[in-house]
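final33.cif follows; it contains mmCIF, C-alpha atoms.
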data_upload
#
loop_
_atom_site.group_PDB
_atom_site.id
_atom_site.type_symbol
_atom_site.label_atom_id
_atom_site.label_comp_id
_atom_site.auth_asym_id
_atom_site.auth_seq_id
_atom_site.Cartn_x
_atom_site.Cartn_y
_atom_site.Cartn_z
ATOM 1 C CA MET A 1 82.089 63.287 171.256
ATOM 2 C CA THR A 2 82.687 66.909 172.272
ATOM 3 C CA THR A 3 85.487 67.521 174.752
ATOM 4 C CA LYS A 4 86.832 70.598 176.504
ATOM 5 C CA TYR A 5 90.479 70.203 175.387
ATOM 6 C CA ASN A 6 92.124 68.779 172.269
ATOM 7 C CA ILE A 7 94.870 66.150 172.167
ATOM 8 C CA GLY A 8 98.222 67.947 172.471
ATOM 9 C CA THR A 9 96.876 70.895 174.475
ATOM 10 C CA GLN A 10 99.214 71.981 177.277
ATOM 11 C CA VAL A 11 97.457 72.125 180.631
ATOM 12 C CA GLN A 12 98.257 72.393 184.309
ATOM 13 C CA LEU A 13 96.345 71.493 187.439
ATOM 14 C CA LYS A 14 94.526 74.525 188.826
ATOM 15 C CA SER A 15 96.371 73.848 192.079
ATOM 16 C CA GLY A 16 99.762 74.038 190.297
ATOM 17 C CA GLY A 17 102.313 71.406 189.359
ATOM 18 C CA PRO A 18 104.087 70.511 186.123
ATOM 19 C CA ILE A 19 102.913 71.510 182.658
ATOM 20 C CA MET A 20 101.223 68.469 181.127
ATOM 21 C CA THR A 21 100.047 67.525 177.635
ATOM 22 C CA ILE A 22 96.615 66.042 176.937
ATOM 23 C CA GLN A 23 97.189 62.540 175.564
ATOM 24 C CA GLU A 24 93.642 61.170 175.477
ATOM 25 C CA ALA A 25 90.046 62.036 176.345
ATOM 26 C CA ILE A 26 88.871 59.136 178.511
ATOM 27 C CA GLN A 27 85.756 57.385 177.239
ATOM 28 C CA GLY A 28 83.292 55.189 179.038
ATOM 29 C CA TRP A 29 80.682 52.831 177.644
ATOM 30 C CA THR A 30 77.235 51.717 178.710
ATOM 31 C CA SER A 31 74.610 49.777 176.809
ATOM 32 C CA ALA A 32 72.217 52.712 177.226
ATOM 33 C CA LYS A 33 74.621 55.490 176.132
ATOM 34 C CA GLY A 34 77.176 53.636 174.041
ATOM 35 C CA HIS A 35 80.523 55.461 174.068
ATOM 36 C CA PHE A 36 80.583 58.704 176.018
ATOM 37 C CA TRP A 37 83.201 61.130 177.355
ATOM 38 C CA ASN A 38 83.457 60.792 181.120
ATOM 39 C CA LYS A 39 84.962 64.295 181.476
ATOM 40 C CA SER A 40 88.475 63.059 182.296
ATOM 41 C CA TYR A 41 91.769 63.277 180.452
ATOM 42 C CA LYS A 42 94.931 61.201 180.416
ATOM 43 C CA CYS A 43 97.858 63.621 180.612
ATOM 44 C CA GLN A 44 101.629 63.157 180.241
ATOM 45 C CA TRP A 45 104.538 65.144 181.673
ATOM 46 C CA PHE A 46 108.211 64.727 182.421
ATOM 47 C CA ALA A 47 109.552 64.419 185.969
ATOM 48 C CA GLY A 48 113.220 64.965 185.187
ATOM 49 C CA LYS A 49 113.868 62.471 182.385
ATOM 50 C CA LYS A 50 111.051 60.116 183.390
ATOM 51 C CA LEU A 51 107.779 60.256 181.435
ATOM 52 C CA GLU A 52 104.824 60.218 183.831
ATOM 53 C CA SER A 53 101.092 60.039 183.149
ATOM 54 C CA GLY A 54 97.859 60.320 185.067
ATOM 55 C CA ILE A 55 94.113 60.735 184.660
ATOM 56 C CA PHE A 56 92.507 63.987 185.786
ATOM 57 C CA PRO A 57 88.938 65.383 185.770
ATOM 58 C CA HIS A 58 88.494 68.232 183.282
ATOM 59 C CA ASP A 59 87.424 70.637 186.046
ATOM 60 C CA SER A 60 90.841 70.289 187.720
ATOM 61 C CA LEU A 61 92.764 71.448 184.611
ATOM 62 C CA GLU A 62 93.394 74.795 182.937
ATOM 63 C CA ILE A 63 95.112 75.690 179.657
ATOM 64 C CA VAL A 64 98.697 76.937 179.953
ATOM 65 C CA THR A 65 99.150 80.275 178.223
ATOM 66 C CA ASN A 66 102.551 81.534 177.104
ATOM 67 C CA GLU A 67 102.851 85.042 178.479
#
File written out as structure tokens:
Amino acid sequence: MTTKYNIGTQVQLKSGGPIMTIQEAIQGWTSAKGHFWNKSYKCQWFAGKKLESGIFPHDSLEIVTNE
């Protein structure tokens, strides 16, 4: 399974928001394809002290660069 980002990569929504970390590449399964990457990622971030998570399409994310 080839994915766009690796687990642990820091990303952000292209529209802005908190810096998030890729936790998992979401997989699907069909009898015809078997396991496949559905081009979504589960990401985690902190909102204050609370750990949040969500699933986002890969096209909505971009890598955070330290400038």
Quiz item: Counting all atoms listed in the file, what is within 9 Å of Met20 of chain A, bar same-chain residues fewer than 4 positions away, as a PyMOL selection string?
Solution: chain A and resi 9-13+43-46+53+64
Practice problem: Enumerate, as JSON, numbers by chain, the residues matched when the PyMOL selection byres ((chain A and resi 27) around 10) is run on the file above. | Solution: {"A": [1, 24, 25, 26, 28, 29, 34, 35, 36, 37, 38, 39, 40, 41]}
Quiz item: What separation in Å, quoted to one decimal, exists between atom CA of Lys33 of chain A and atom CA of Asp59 of chain A?
Solution: 22.2 Å
Quiz item: Around (95.6, 62.4, 174.0) in the file's own coordinates, what residues are found within 7 Å if you use all atoms listed in the file, given back as a ChimeraX atom specification?
Solution: /A:7-8,22-25,42
Self-check item: Separation of atom CA of Gly17 of chain A from atom CA of Gly48 of chain A, in Å and rounded to one decimal
Solution: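 Result for atom CA of Gly17 of chain A versus atom CA of Gly48 of chain A: 13.3 Å, one decimal.
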Draw an axis-aligned box tight on the listed atoms of segment 21-35 of chain A, then pad every side by 6 Å and write out centre and edge lengths in Å to one decimal as JSON.
{"center_x": 86.1, "center_y": 58.7, "center_z": 176.5, "size_x": 39.8, "size_y": 29.7, "size_z": 17.0}
Quiz item: To one decimal place, how far is atom CA of Leu51 of chain A from atom CA of Ile19 of chain A in Å?
Solution: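 Between these atoms lies a distance of 12.3 Å.
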Final N, CA and C atoms of segment 46-62 of chain A as a short mmCIF file (atom, residue, chain, number, x, y, z; two decimals), in the coordinates of the input:
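Written output follows (rebuild_31.cif):
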data_model
loop_
_atom_site.label_atom_id
_atom_site.label_comp_id
_atom_site.auth_asym_id
_atom_site.auth_seq_id
_atom_site.Cartn_x
_atom_site.Cartn_y
_atom_site.Cartn_z
N PHE A 46 106.90 65.25 182.04
CA PHE A 46 108.21 64.73 182.42
C PHE A 46 108.54 65.15 183.84
N ALA A 47 109.00 64.18 184.64
CA ALA A 47 109.55 64.42 185.97
C ALA A 47 111.04 64.13 185.83
N GLY A 48 111.82 65.18 185.56
CA GLY A 48 113.22 64.96 185.19
C GLY A 48 113.25 64.35 183.80
N LYS A 49 113.83 63.17 183.67
CA LYS A 49 113.87 62.47 182.38
C LYS A 49 112.81 61.38 182.28
N LYS A 50 112.05 61.19 183.36
CA LYS A 50 111.05 60.12 183.39
C LYS A 50 109.69 60.62 182.91
N LEU A 51 109.11 59.92 181.94
CA LEU A 51 107.78 60.26 181.44
C LEU A 51 106.73 59.71 182.40
N GLU A 52 105.90 60.58 182.91
CA GLU A 52 104.82 60.22 183.83
C GLU A 52 103.48 60.42 183.14
N SER A 53 102.44 59.81 183.67
CA SER A 53 101.09 60.04 183.15
C SER A 53 100.09 59.86 184.27
N GLY A 54 98.93 60.44 184.09
CA GLY A 54 97.86 60.32 185.07
C GLY A 54 96.54 60.73 184.45
N ILE A 55 95.45 60.39 185.12
CA ILE A 55 94.11 60.74 184.66
C ILE A 55 93.54 61.78 185.61
N PHE A 56 92.99 62.85 185.01
CA PHE A 56 92.51 63.99 185.79
C PHE A 56 91.13 64.43 185.28
N PRO A 57 90.23 64.84 186.19
CA PRO A 57 88.94 65.38 185.77
C PRO A 57 89.14 66.72 185.05
N HIS A 58 88.31 67.00 184.06
CA HIS A 58 88.49 68.23 183.28
C HIS A 58 88.38 69.48 184.14
N ASP A 59 87.58 69.46 185.19
CA ASP A 59 87.42 70.64 186.05
C ASP A 59 88.67 70.97 186.86
N SER A 60 89.62 70.03 186.95
CA SER A 60 90.84 70.29 187.72
C SER A 60 91.96 70.87 186.87
N LEU A 61 91.73 71.01 185.54
CA LEU A 61 92.76 71.45 184.61
C LEU A 61 92.46 72.83 184.05
N GLU A 62 93.54 73.54 183.66
CA GLU A 62 93.39 74.80 182.94
C GLU A 62 94.47 74.86 181.86
#
